[in-house]
$ cat model-v7.pdb   # PDB, C-alpha atoms
MODEL        1
ATOM      1  CA  MET A   1     -27.312  35.459 -21.152
ATOM      2  CA  THR A   2     -26.999  32.814 -18.432
ATOM      3  CA  LYS A   3     -23.926  33.232 -16.263
ATOM      4  CA  ASN A   4     -22.124  30.158 -14.971
ATOM      5  CA  ILE A   5     -21.159  30.549 -11.305
ATOM      6  CA  GLY A   6     -18.536  28.143 -10.005
ATOM      7  CA  ILE A   7     -18.334  27.335  -6.288
ATOM      8  CA  PHE A   8     -14.930  25.839  -5.481
ATOM      9  CA  LEU A   9     -14.867  23.239  -2.701
ATOM     10  CA  TYR A  10     -12.109  21.326  -0.929
ATOM     11  CA  LYS A  11     -11.886  19.015   2.080
ATOM     12  CA  ASP A  12     -12.995  20.724   5.311
ATOM     13  CA  PHE A  13     -14.652  23.692   3.626
ATOM     14  CA  GLN A  14     -17.194  25.623   5.714
ATOM     15  CA  LEU A  15     -20.679  24.510   4.686
ATOM     16  CA  LEU A  16     -22.376  27.911   5.002
ATOM     17  CA  ASP A  17     -19.591  29.596   3.004
ATOM     18  CA  ALA A  18     -20.804  27.533   0.068
ATOM     19  CA  SER A  19     -24.514  27.059   0.774
ATOM     20  CA  GLY A  20     -25.172  30.758   1.489
ATOM     21  CA  PRO A  21     -24.043  32.003  -1.962
ATOM     22  CA  ILE A  22     -25.527  28.892  -3.622
ATOM     23  CA  THR A  23     -28.944  29.708  -2.168
ATOM     24  CA  ALA A  24     -28.715  33.388  -3.148
ATOM     25  CA  PHE A  25     -27.836  32.592  -6.764
ATOM     26  CA  GLU A  26     -30.500  29.846  -6.915
ATOM     27  CA  ILE A  27     -33.218  32.275  -5.794
ATOM     28  CA  ALA A  28     -31.941  34.975  -8.174
ATOM     29  CA  ALA A  29     -32.332  32.491 -11.039
ATOM     30  CA  ARG A  30     -35.971  32.032 -10.011
ATOM     31  CA  VAL A  31     -36.599  35.767  -9.715
ATOM     32  CA  LYS A  32     -34.974  36.321 -13.107
ATOM     33  CA  PRO A  33     -35.198  33.025 -14.977
ATOM     34  CA  ASP A  34     -31.999  31.624 -16.449
ATOM     35  CA  ALA A  35     -29.848  34.378 -14.949
ATOM     36  CA  TYR A  36     -27.463  31.873 -13.359
ATOM     37  CA  ARG A  37     -26.350  28.268 -13.598
ATOM     38  CA  LEU A  38     -24.398  26.818 -10.683
ATOM     39  CA  ALA A  39     -21.454  24.438 -10.846
ATOM     40  CA  LEU A  40     -19.941  22.948  -7.695
ATOM     41  CA  LEU A  41     -16.295  22.224  -8.405
ATOM     42  CA  SER A  42     -13.339  20.499  -6.785
ATOM     43  CA  ILE A  43      -9.978  19.437  -8.138
ATOM     44  CA  LYS A  44     -10.884  15.757  -8.626
ATOM     45  CA  GLY A  45     -14.684  15.917  -8.427
ATOM     46  CA  GLY A  46     -17.019  13.679  -6.442
ATOM     47  CA  LEU A  47     -18.175  14.077  -2.860
ATOM     48  CA  VAL A  48     -16.295  16.734  -0.881
ATOM     49  CA  GLU A  49     -16.627  16.605   2.907
ATOM     50  CA  SER A  50     -17.148  19.862   4.775
ATOM     51  CA  SER A  51     -15.771  20.578   8.248
ATOM     52  CA  SER A  52     -19.171  19.559   9.665
ATOM     53  CA  GLY A  53     -19.019  16.129   8.021
ATOM     54  CA  ALA A  54     -21.781  16.928   5.526
ATOM     55  CA  ALA A  55     -20.625  16.471   1.940
ATOM     56  CA  MET A  56     -21.459  18.038  -1.410
ATOM     57  CA  ASP A  57     -21.108  16.431  -4.812
ATOM     58  CA  SER A  58     -18.892  18.238  -7.288
ATOM     59  CA  LEU A  59     -17.574  18.249 -10.819
ATOM     60  CA  PRO A  60     -13.841  17.950 -11.440
ATOM     61  CA  VAL A  61     -12.416  21.318 -12.478
ATOM     62  CA  SER A  62     -11.427  19.730 -15.787
ATOM     63  CA  ASP A  63     -15.149  19.402 -16.593
ATOM     64  CA  ALA A  64     -16.109  22.921 -15.509
ATOM     65  CA  PRO A  65     -18.227  24.895 -17.975
ATOM     66  CA  PRO A  66     -16.943  28.313 -19.119
ATOM     67  CA  LEU A  67     -17.275  30.347 -15.942
ATOM     68  CA  ASP A  68     -18.364  33.936 -15.482
ATOM     69  CA  THR A  69     -17.560  33.970 -11.752
ATOM     70  CA  LEU A  70     -15.653  31.689  -9.398
ATOM     71  CA  VAL A  71     -16.368  31.730  -5.637
ATOM     72  CA  ILE A  72     -13.814  30.056  -3.347
ATOM     73  CA  SER A  73     -15.311  28.790  -0.112
ATOM     74  CA  GLY A  74     -13.565  29.314   3.180
ATOM     75  CA  GLY A  75     -13.046  26.788   5.914
ATOM     76  CA  ASN A  76     -10.534  24.932   8.031
ATOM     77  CA  GLY A  77      -9.004  23.323   4.981
ATOM     78  CA  SER A  78      -8.133  26.605   3.271
ATOM     79  CA  ARG A  79      -4.597  26.765   4.677
ATOM     80  CA  ASP A  80      -3.905  23.205   3.458
ATOM     81  CA  VAL A  81      -5.402  23.608   0.010
ATOM     82  CA  MET A  82      -3.425  26.793  -0.665
ATOM     83  CA  ARG A  83      -0.277  24.628  -0.671
ATOM     84  CA  TYR A  84      -1.541  22.266  -3.375
ATOM     85  CA  PRO A  85       0.017  22.984  -6.801
ATOM     86  CA  GLU A  86      -3.123  21.758  -8.607
ATOM     87  CA  THR A  87      -5.272  24.294  -6.752
ATOM     88  CA  ILE A  88      -2.868  27.185  -7.413
ATOM     89  CA  ALA A  89      -2.659  26.294 -11.108
ATOM     90  CA  PHE A  90      -6.458  26.110 -11.367
ATOM     91  CA  LEU A  91      -6.977  29.484  -9.667
ATOM     92  CA  ARG A  92      -4.393  31.176 -11.861
ATOM     93  CA  ALA A  93      -5.944  29.708 -14.996
ATOM     94  CA  CYS A  94      -9.394  30.831 -13.861
ATOM     95  CA  ALA A  95      -8.192  34.350 -13.150
ATOM     96  CA  ALA A  96      -7.106  34.682 -16.761
ATOM     97  CA  ASN A  97     -10.523  33.673 -18.089
ATOM     98  CA  VAL A  98     -13.334  34.580 -15.689
ATOM     99  CA  ARG A  99     -14.930  37.983 -15.184
ATOM    100  CA  ARG A 100     -14.793  37.798 -11.381
ATOM    101  CA  MET A 101     -12.875  35.878  -8.726
ATOM    102  CA  CYS A 102     -14.398  35.837  -5.247
ATOM    103  CA  SER A 103     -13.642  34.424  -1.817
ATOM    104  CA  VAL A 104     -15.703  33.855   1.288
ATOM    105  CA  CYS A 105     -13.957  34.017   4.662
ATOM    106  CA  SER A 106     -10.580  32.208   4.579
ATOM    107  CA  GLY A 107     -11.074  31.422   0.886
ATOM    108  CA  ALA A 108      -8.845  34.489   0.506
ATOM    109  CA  PHE A 109      -5.837  32.366   1.508
ATOM    110  CA  PRO A 110      -5.731  30.248  -1.689
ATOM    111  CA  LEU A 111      -6.286  33.376  -3.794
ATOM    112  CA  ALA A 112      -3.406  35.110  -2.033
ATOM    113  CA  ALA A 113      -1.177  32.035  -2.377
ATOM    114  CA  ALA A 114      -1.819  32.126  -6.118
ATOM    115  CA  GLY A 115      -0.563  35.733  -6.181
ATOM    116  CA  LEU A 116      -3.949  37.048  -7.275
ATOM    117  CA  LEU A 117      -4.408  39.497  -4.394
ATOM    118  CA  ASP A 118      -1.013  41.213  -4.477
ATOM    119  CA  GLY A 119      -1.384  44.959  -3.927
ATOM    120  CA  LYS A 120      -5.160  44.694  -3.518
ATOM    121  CA  ARG A 121      -7.459  45.638  -0.633
ATOM    122  CA  VAL A 122      -8.986  42.442   0.752
ATOM    123  CA  THR A 123     -10.854  41.170   3.765
ATOM    124  CA  THR A 124     -11.408  37.863   5.505
ATOM    125  CA  HIS A 125     -12.752  36.619   8.824
ATOM    126  CA  TRP A 126     -11.425  38.894  11.554
ATOM    127  CA  ARG A 127      -9.823  35.946  13.347
ATOM    128  CA  ARG A 128      -7.789  35.131  10.217
ATOM    129  CA  ALA A 129      -6.859  38.645   9.144
ATOM    130  CA  GLU A 130      -3.570  38.911  11.039
ATOM    131  CA  GLN A 131      -2.393  35.549   9.731
ATOM    132  CA  LEU A 132      -3.325  36.490   6.166
ATOM    133  CA  GLN A 133      -1.353  39.725   6.455
ATOM    134  CA  GLN A 134       1.693  37.972   7.929
ATOM    135  CA  LEU A 135       1.752  35.254   5.279
ATOM    136  CA  PHE A 136       1.157  37.642   2.388
ATOM    137  CA  PRO A 137       2.601  41.089   3.224
ATOM    138  CA  SER A 138       1.922  42.403  -0.285
ATOM    139  CA  VAL A 139      -1.829  42.019   0.311
ATOM    140  CA  ARG A 140      -3.633  44.986   1.909
ATOM    141  CA  VAL A 141      -5.812  43.320   4.553
ATOM    142  CA  GLU A 142      -8.673  45.352   6.049
ATOM    143  CA  VAL A 143      -9.803  43.490   9.118
ATOM    144  CA  ASP A 144     -13.222  45.029   9.713
ATOM    145  CA  ARG A 145     -14.926  45.040   6.328
ATOM    146  CA  ILE A 146     -17.906  42.870   5.316
ATOM    147  CA  HIS A 147     -16.763  42.601   1.704
ATOM    148  CA  ILE A 148     -14.402  44.436  -0.597
ATOM    149  CA  ARG A 149     -14.292  44.771  -4.366
ATOM    150  CA  ALA A 150     -10.850  45.439  -5.844
ATOM    151  CA  ASP A 151     -10.992  45.392  -9.639
ATOM    152  CA  ASN A 152     -12.332  41.926 -10.501
ATOM    153  CA  MET A 153     -11.405  40.426  -7.116
ATOM    154  CA  TRP A 154     -14.148  40.290  -4.483
ATOM    155  CA  THR A 155     -13.351  39.138  -0.946
ATOM    156  CA  SER A 156     -15.670  38.816   2.025
ATOM    157  CA  ALA A 157     -15.589  38.246   5.753
ATOM    158  CA  GLY A 158     -16.621  35.153   7.636
ATOM    159  CA  ILE A 159     -19.466  32.743   7.057
ATOM    160  CA  SER A 160     -22.717  34.762   6.769
ATOM    161  CA  ALA A 161     -20.829  37.520   4.928
ATOM    162  CA  GLY A 162     -20.824  35.166   1.932
ATOM    163  CA  ILE A 163     -24.524  35.943   1.578
ATOM    164  CA  ASP A 164     -23.764  39.683   1.603
ATOM    165  CA  LEU A 165     -21.144  39.065  -1.068
ATOM    166  CA  ALA A 166     -23.561  37.079  -3.230
ATOM    167  CA  LEU A 167     -26.223  39.789  -2.921
ATOM    168  CA  ALA A 168     -23.663  42.387  -3.997
ATOM    169  CA  LEU A 169     -22.719  40.269  -7.024
ATOM    170  CA  ILE A 170     -26.394  39.815  -7.930
ATOM    171  CA  ALA A 171     -27.006  43.565  -7.617
ATOM    172  CA  ASP A 172     -23.985  44.176  -9.853
ATOM    173  CA  ASP A 173     -25.397  41.799 -12.484
ATOM    174  CA  LEU A 174     -29.155  42.212 -12.273
ATOM    175  CA  GLY A 175     -29.791  45.420 -10.356
ATOM    176  CA  GLU A 176     -30.730  46.390  -6.828
ATOM    177  CA  GLU A 177     -34.379  45.364  -7.104
ATOM    178  CA  VAL A 178     -33.564  41.749  -7.946
ATOM    179  CA  ALA A 179     -31.015  41.585  -5.124
ATOM    180  CA  ARG A 180     -33.580  43.067  -2.753
ATOM    181  CA  ARG A 181     -36.134  40.411  -3.710
ATOM    182  CA  VAL A 182     -33.547  37.678  -3.159
ATOM    183  CA  ALA A 183     -32.800  39.054   0.311
ATOM    184  CA  GLN A 184     -36.521  39.113   1.111
ATOM    185  CA  GLU A 185     -36.875  35.478   0.051
ATOM    186  CA  MET A 186     -33.885  34.536   2.219
ATOM    187  CA  VAL A 187     -35.231  36.640   5.108
ATOM    188  CA  VAL A 188     -31.892  38.393   5.518
ATOM    189  CA  TYR A 189     -31.019  42.034   5.923
ATOM    190  CA  TYR A 190     -30.831  43.860   2.596
ATOM    191  CA  ARG A 191     -28.047  44.500   2.478
ATOM    192  CA  ARG A 192     -25.151  45.257   4.759
ATOM    193  CA  PRO A 193     -22.846  47.714   2.997
ATOM    194  CA  GLY A 194     -19.488  46.217   2.092
ATOM    195  CA  GLY A 195     -17.770  48.732   4.315
ATOM    196  CA  GLN A 196     -19.820  47.932   7.385
ATOM    197  CA  SER A 197     -17.624  46.694  10.188
ATOM    198  CA  GLN A 198     -17.548  42.970  10.998
ATOM    199  CA  PHE A 199     -17.927  44.077  14.596
ATOM    200  CA  SER A 200     -19.203  47.475  15.613
ATOM    201  CA  ALA A 201     -17.141  50.014  17.485
ATOM    202  CA  LEU A 202     -19.628  49.700  20.340
ATOM    203  CA  ALA A 203     -18.917  45.987  20.731
ATOM    204  CA  ASP A 204     -15.195  46.546  20.347
ATOM    205  CA  LEU A 205     -15.136  49.333  22.943
ATOM    206  CA  GLY A 206     -17.440  47.655  25.422
ATOM    207  CA  GLY A 207     -14.908  45.152  26.710
ATOM    208  CA  GLY A 208     -16.025  42.868  29.512
ATOM    209  CA  ASP A 209     -17.460  45.680  31.664
ATOM    210  CA  THR A 210     -20.916  47.132  31.030
ATOM    211  CA  ARG A 211     -20.536  50.160  33.295
ATOM    212  CA  PHE A 212     -20.194  52.568  30.384
ATOM    213  CA  SER A 213     -22.353  50.666  27.879
ATOM    214  CA  PRO A 214     -25.408  52.941  28.245
ATOM    215  CA  LEU A 215     -23.172  55.984  27.797
ATOM    216  CA  LEU A 216     -21.566  54.514  24.661
ATOM    217  CA  GLU A 217     -25.023  53.798  23.227
ATOM    218  CA  TRP A 218     -26.056  57.385  23.958
ATOM    219  CA  MET A 219     -22.858  58.714  22.382
ATOM    220  CA  ARG A 220     -23.495  56.827  19.148
ATOM    221  CA  ALA A 221     -27.069  58.113  19.022
ATOM    222  CA  ASN A 222     -25.939  61.712  19.573
ATOM    223  CA  LEU A 223     -22.785  62.034  17.480
ATOM    224  CA  ALA A 224     -23.757  65.480  16.172
ATOM    225  CA  GLU A 225     -23.423  66.916  19.680
ATOM    226  CA  ARG A 226     -20.077  68.201  20.984
ATOM    227  CA  LEU A 227     -19.604  65.231  23.357
ATOM    228  CA  THR A 228     -17.022  66.913  25.572
ATOM    229  CA  VAL A 229     -15.504  65.186  28.581
ATOM    230  CA  GLU A 230     -17.469  67.557  30.797
ATOM    231  CA  GLN A 231     -20.767  66.660  29.104
ATOM    232  CA  LEU A 232     -20.083  62.918  29.272
ATOM    233  CA  ALA A 233     -18.946  63.116  32.882
ATOM    234  CA  GLU A 234     -22.120  64.950  33.806
ATOM    235  CA  ARG A 235     -24.235  62.151  32.314
ATOM    236  CA  MET A 236     -22.341  59.681  34.498
ATOM    237  CA  ALA A 237     -22.658  61.947  37.577
ATOM    238  CA  MET A 238     -18.888  62.044  37.920
ATOM    239  CA  SER A 239     -16.264  64.741  37.943
ATOM    240  CA  PRO A 240     -14.450  65.126  34.589
ATOM    241  CA  ARG A 241     -11.169  63.958  36.115
ATOM    242  CA  ASN A 242     -12.608  60.829  37.732
ATOM    243  CA  PHE A 243     -14.682  60.094  34.663
ATOM    244  CA  SER A 244     -11.684  60.282  32.312
ATOM    245  CA  ARG A 245      -9.614  58.025  34.567
ATOM    246  CA  ALA A 246     -12.376  55.425  34.992
ATOM    247  CA  PHE A 247     -13.327  55.466  31.310
ATOM    248  CA  LEU A 248      -9.722  54.884  30.238
ATOM    249  CA  LYS A 249      -9.330  52.026  32.696
ATOM    250  CA  VAL A 250     -12.524  50.234  31.614
ATOM    251  CA  ILE A 251     -12.646  50.982  27.872
ATOM    252  CA  GLY A 252      -8.918  51.143  27.183
ATOM    253  CA  ILE A 253      -8.877  54.456  25.336
ATOM    254  CA  SER A 254      -9.695  58.036  26.275
ATOM    255  CA  PRO A 255     -13.226  59.449  25.924
ATOM    256  CA  ALA A 256     -12.055  61.665  23.048
ATOM    257  CA  LYS A 257     -10.644  58.663  21.168
ATOM    258  CA  ALA A 258     -13.857  56.710  21.738
ATOM    259  CA  VAL A 259     -15.932  59.570  20.341
ATOM    260  CA  GLU A 260     -13.685  59.745  17.288
ATOM    261  CA  ARG A 261     -13.923  55.975  16.799
ATOM    262  CA  LEU A 262     -17.716  56.055  16.862
ATOM    263  CA  ARG A 263     -17.841  59.037  14.488
ATOM    264  CA  VAL A 264     -15.411  57.463  12.026
ATOM    265  CA  GLU A 265     -17.409  54.222  11.939
ATOM    266  CA  ALA A 266     -20.684  56.077  11.355
ATOM    267  CA  ALA A 267     -19.109  58.271   8.674
ATOM    268  CA  ARG A 268     -17.593  55.344   6.793
ATOM    269  CA  GLU A 269     -20.885  53.452   6.692
ATOM    270  CA  ARG A 270     -22.632  56.533   5.227
ATOM    271  CA  ILE A 271     -19.854  57.145   2.714
ATOM    272  CA  GLU A 272     -20.020  53.584   1.416
ATOM    273  CA  SER A 273     -23.795  53.189   1.427
ATOM    274  CA  SER A 274     -24.918  56.597   0.125
ATOM    275  CA  ARG A 275     -23.978  59.447  -2.188
ATOM    276  CA  GLU A 276     -24.278  62.118   0.506
ATOM    277  CA  PRO A 277     -21.694  64.878   0.115
ATOM    278  CA  ILE A 278     -18.641  64.349   2.317
ATOM    279  CA  GLU A 279     -19.170  67.750   3.940
ATOM    280  CA  GLN A 280     -22.737  66.848   4.880
ATOM    281  CA  ILE A 281     -21.632  63.549   6.413
ATOM    282  CA  ALA A 282     -18.922  65.322   8.416
ATOM    283  CA  THR A 283     -21.563  67.598   9.931
ATOM    284  CA  ALA A 284     -24.062  64.789  10.565
ATOM    285  CA  VAL A 285     -21.613  62.647  12.562
ATOM    286  CA  GLY A 286     -20.174  65.523  14.580
ATOM    287  CA  PHE A 287     -16.861  66.249  12.864
ATOM    288  CA  HIS A 288     -18.377  69.428  11.361
ATOM    289  CA  ASP A 289     -15.094  70.308   9.650
ATOM    290  CA  PRO A 290     -14.363  67.913   6.716
ATOM    291  CA  GLU A 291     -10.635  68.379   7.333
ATOM    292  CA  ARG A 292     -11.004  67.042  10.878
ATOM    293  CA  MET A 293     -12.828  64.023   9.481
ATOM    294  CA  ARG A 294     -10.122  63.526   6.834
ATOM    295  CA  ARG A 295      -7.398  63.444   9.494
ATOM    296  CA  ALA A 296      -9.405  60.980  11.586
ATOM    297  CA  PHE A 297      -9.840  58.700   8.547
ATOM    298  CA  LEU A 298      -6.113  58.799   7.837
ATOM    299  CA  ARG A 299      -5.388  57.770  11.417
ATOM    300  CA  ARG A 300      -7.957  54.974  11.403
ATOM    301  CA  PHE A 301      -7.914  53.662   7.824
ATOM    302  CA  GLY A 302      -4.777  55.117   6.257
ATOM    303  CA  GLN A 303      -6.764  56.846   3.513
ATOM    304  CA  PRO A 304      -9.123  59.824   3.249
ATOM    305  CA  PRO A 305     -12.914  59.606   2.881
ATOM    306  CA  GLN A 306     -12.747  60.510  -0.826
ATOM    307  CA  ALA A 307     -10.487  57.535  -1.568
ATOM    308  CA  ILE A 308     -12.857  55.168   0.255
ATOM    309  CA  ARG A 309     -15.795  56.477  -1.769
ATOM    310  CA  ARG A 310     -13.895  56.116  -5.060
ATOM    311  CA  SER A 311     -13.042  52.507  -4.191
ATOM    312  CA  GLN A 312     -16.771  51.747  -4.081
ATOM    313  CA  GLY A 313     -17.100  52.558  -7.774
TER     314      GLY A 313
ENDMDL
END
$ encode --input "model-v7.pdb" --output "structure tokens"
Amino acid sequence: MTKNIGIFLYKDFQLLDASGPITAFEIAARVKPDAYRLALLSIKGGLVESSSGAAMDSLPVSDAPPLDTLVISGGNGSRDVMRYPETIAFLRACAANVRRMCSVCSGAFPLAAAGLLDGKRVTTHWRRAEQLQQLFPSVRVEVDRIHIRADNMWTSAGISAGIDLALALIADDLGEEVARRVAQEMVVYYRRPGGQSQFSALADLGGGDTRFSPLLEWMRANLAERLTVEQLAERMAMSPRNFSRAFLKVIGISPAKAVERLRVEAARERIESSREPIEQIATAVGFHDPERMRRAFLRRFGQPPQAIRRSQG
């Protein structure tokens, strides 16, 4: 049965937030004929101008076909449109009738304003995450996720993450092989796990100084080793004391904390993208003891590895 996918637009939406998912669903409908039908929607219909000045034509929401899924684009206008009563009423009405509600980037703001994300794990562009959390304290914002599924609400990070979201929706509907073929046609990576960080721990730890960058790269490639201060200092041809002091000054955290950060990131990616046993993952990334990994996850994410795996369905 053909599924109607609505893409909701508003003034100053981000063009790629809309065109990325549109392209993915269009190609999926070619790979599996009649799988999807697209409807570009806005409150009043007609041409809707994006933040780049390019415009898309749209149907008024009053003329929307029965929708299976609604995708709300992000963009500079998202904080304005979330204050419009017509938009809030439309989103609430949709939530009662569609199978899935989705947002790309700051499209999470209108969903949150409509009360549809209360108590749910969500993500958005990392630059907008703090503002989303402050405006809507009942929403559980996770700043460094690519996309998150919470019941029938799907939220994704900024801009290109809308393509990752669309591929995940296609895989959910039509299977992994169809989604893989769509990714191949789009010449994009198939497919970044939802739990992959928007920015890697390496980039986050690197700061503006590259002195320790080669060491950090080596650490990530050798997580199963002990990675003691003495071992790391030896690789840098420094005494452990001088190494620890210099590392803290440049990176901003201790060597032990950096090792834990890299291990936690690697473990989470494996937990969310595979069915490997938790114990096996703990050994592979250097925690060895699953309890040590559990405590590290609680410190970093506020939940244990098992809970993160269950949230992936």
$ resolve_selection --input "model-v7.pdb" --expression "the PyMOL selection byres ((chain A and resi 135) around 12)" --output "list in words"
Arg79, Met82, Ala108, Phe109, Pro110, Ala112, Ala113, Gly115, Asp118, Arg128, Ala129, Glu130, Gln131, Leu132, Gln133, Gln134, Phe136, Pro137, Ser138, Val139, Arg140 and Val141 of chain A
$ atom_distance --input "model-v7.pdb" --atom1 "atom CA of Phe287 of chain A" --atom2 "atom CA of Arg149 of chain A"
27.7 Å
$ residues_around --input "model-v7.pdb" --residues "Phe8 of chain A" --least-positions-apart "2" --cutoff "6 Å" --atoms "only C-alpha atoms" --output "VMD selection string"
chain A and resid 41 to 42 72
$ residues_around --input "model-v7.pdb" --residues "Pro85 of chain A" --least-positions-apart "3" --cutoff "12 Å" --atoms "all atoms listed in the file" --output "ChimeraX atom specification"
/A:43,80-82,88-92,110,113-114
$ resolve_selection --input "model-v7.pdb" --expression "the PyMOL selection byres ((chain A and resi 95) around 12)" --output "list of chain:residue names"
A:Leu67, A:Asp68, A:Thr69, A:Leu70, A:Val71, A:Ile88, A:Ala89, A:Phe90, A:Leu91, A:Arg92, A:Ala93, A:Cys94, A:Ala96, A:Asn97, A:Val98, A:Arg99, A:Arg100, A:Met101, A:Cys102, A:Leu111, A:Ala114, A:Gly115, A:Leu116, A:Leu117, A:Asp151, A:Asn152, A:Met153
$ atom_distance --input "model-v7.pdb" --atom1 "atom CA of Val250 of chain A" --atom2 "atom CA of Pro214 of chain A"
13.6 Å
$ atom_distance --input "model-v7.pdb" --atom1 "atom CA of Ser62 of chain A" --atom2 "atom CA of Glu86 of chain A"
11.2 Å
$ axis_aligned_box --input "model-v7.pdb" --around "segment 74-83 of chain A" --padding-each-side "4 Å" --output "AutoDock Vina command-line options"
--center_x -6.9 --center_y 26.3 --center_z 3.7 --size_x 21.3 --size_y 14.1 --size_z 16.7
$ resolve_selection --input "model-v7.pdb" --expression "the PyMOL selection byres ((chain A and resi 126) around 12)" --output "number ranges by chain"
A: 105-106, 122-125, 127-133, 141-147, 156-159, 161, 197-199
$ residues_around --input "model-v7.pdb" --residues "Glu230 of chain A" --least-positions-apart "5" --cutoff "10 Å" --atoms "only C-alpha atoms" --output "ChimeraX atom specification"
/A:235-236,238-241,243-244
$ closest_residue --input "model-v7.pdb" --among "A:Arg30, A:Arg268, A:Lys249, A:Arg261" --to "Ala282 of chain A" --atoms "only C-alpha atoms"
A:Arg268
$ closest_residue --input "model-v7.pdb" --among "A:Ala258, A:Ile7, A:Ile308, A:Leu59" --to "Arg220 of chain A" --atoms "all atoms listed in the file"
A:Ala258
$ closest_residue --input "model-v7.pdb" --among "A:Ile271, A:Met1, A:Ile148, A:Ile281" --to "Asp173 of chain A" --atoms "all atoms listed in the file"
A:Met1
$ closest_residue --input "model-v7.pdb" --among "A:Ala168, A:Ala266, A:Val259, A:Ile251" --to "Arg211 of chain A" --atoms "all atoms listed in the file"
A:Ile251
$ residues_around --input "model-v7.pdb" --residues "Ala284 of chain A" --least-positions-apart "4" --cutoff "12 Å" --atoms "all atoms listed in the file" --output "JSON, numbers by chain"
{"A": [220, 221, 222, 223, 224, 225, 226, 263, 264, 266, 267, 270, 271, 276, 277, 278, 279, 280, 288, 289, 290, 293]}
$ residues_around --input "model-v7.pdb" --residues "Leu9 of chain A" --least-positions-apart "2" --cutoff "9 Å" --atoms "all atoms listed in the file" --output "list in words"
Ile7, Lys11, Asp12, Phe13, Ala18, Leu40, Leu41, Ser42, Ile43, Val48, Glu49, Ser50, Met56, Ser58, Ile72, Ser73 and Gly74 of chain A
$ build_atoms --input "model-v7.pdb" --residues "segment 231-242 of chain A" --atoms "N, CA, C and O atoms" --output "short mmCIF file (atom, residue, chain, number, x, y, z; two decimals), in the coordinates of the input"
data_model
loop_
_atom_site.label_atom_id
_atom_site.label_comp_id
_atom_site.auth_asym_id
_atom_site.auth_seq_id
_atom_site.Cartn_x
_atom_site.Cartn_y
_atom_site.Cartn_z
N GLN A 231 -19.40 67.08 29.37
CA GLN A 231 -20.77 66.66 29.10
C GLN A 231 -20.95 65.17 29.42
O GLN A 231 -21.95 64.78 30.04
N LEU A 232 -19.99 64.35 29.02
CA LEU A 232 -20.08 62.92 29.27
C LEU A 232 -19.99 62.62 30.76
O LEU A 232 -20.70 61.75 31.28
N ALA A 233 -19.08 63.32 31.44
CA ALA A 233 -18.95 63.12 32.88
C ALA A 233 -20.23 63.47 33.62
O ALA A 233 -20.64 62.78 34.56
N GLU A 234 -20.87 64.54 33.17
CA GLU A 234 -22.12 64.95 33.81
C GLU A 234 -23.19 63.87 33.67
O GLU A 234 -23.95 63.61 34.61
N ARG A 235 -23.25 63.22 32.51
CA ARG A 235 -24.24 62.15 32.31
C ARG A 235 -23.96 60.97 33.24
O ARG A 235 -24.88 60.23 33.59
N MET A 236 -22.69 60.78 33.60
CA MET A 236 -22.34 59.68 34.50
C MET A 236 -22.31 60.12 35.97
O MET A 236 -21.96 59.34 36.84
N ALA A 237 -22.67 61.39 36.21
CA ALA A 237 -22.66 61.95 37.58
C ALA A 237 -21.28 61.79 38.22
O ALA A 237 -21.14 61.38 39.38
N MET A 238 -20.26 62.14 37.45
CA MET A 238 -18.89 62.04 37.92
C MET A 238 -18.17 63.35 37.60
O MET A 238 -18.60 64.11 36.72
N SER A 239 -17.10 63.60 38.30
CA SER A 239 -16.26 64.74 37.94
C SER A 239 -15.51 64.41 36.66
O SER A 239 -15.24 63.23 36.38
N PRO A 240 -15.18 65.41 35.83
CA PRO A 240 -14.45 65.13 34.59
C PRO A 240 -13.17 64.33 34.81
O PRO A 240 -12.86 63.42 34.03
N ARG A 241 -12.42 64.66 35.87
CA ARG A 241 -11.17 63.96 36.12
C ARG A 241 -11.40 62.48 36.45
O ARG A 241 -10.75 61.59 35.89
N ASN A 242 -12.33 62.22 37.36
CA ASN A 242 -12.61 60.83 37.73
C ASN A 242 -13.22 60.05 36.57
O ASN A 242 -12.93 58.87 36.37
#
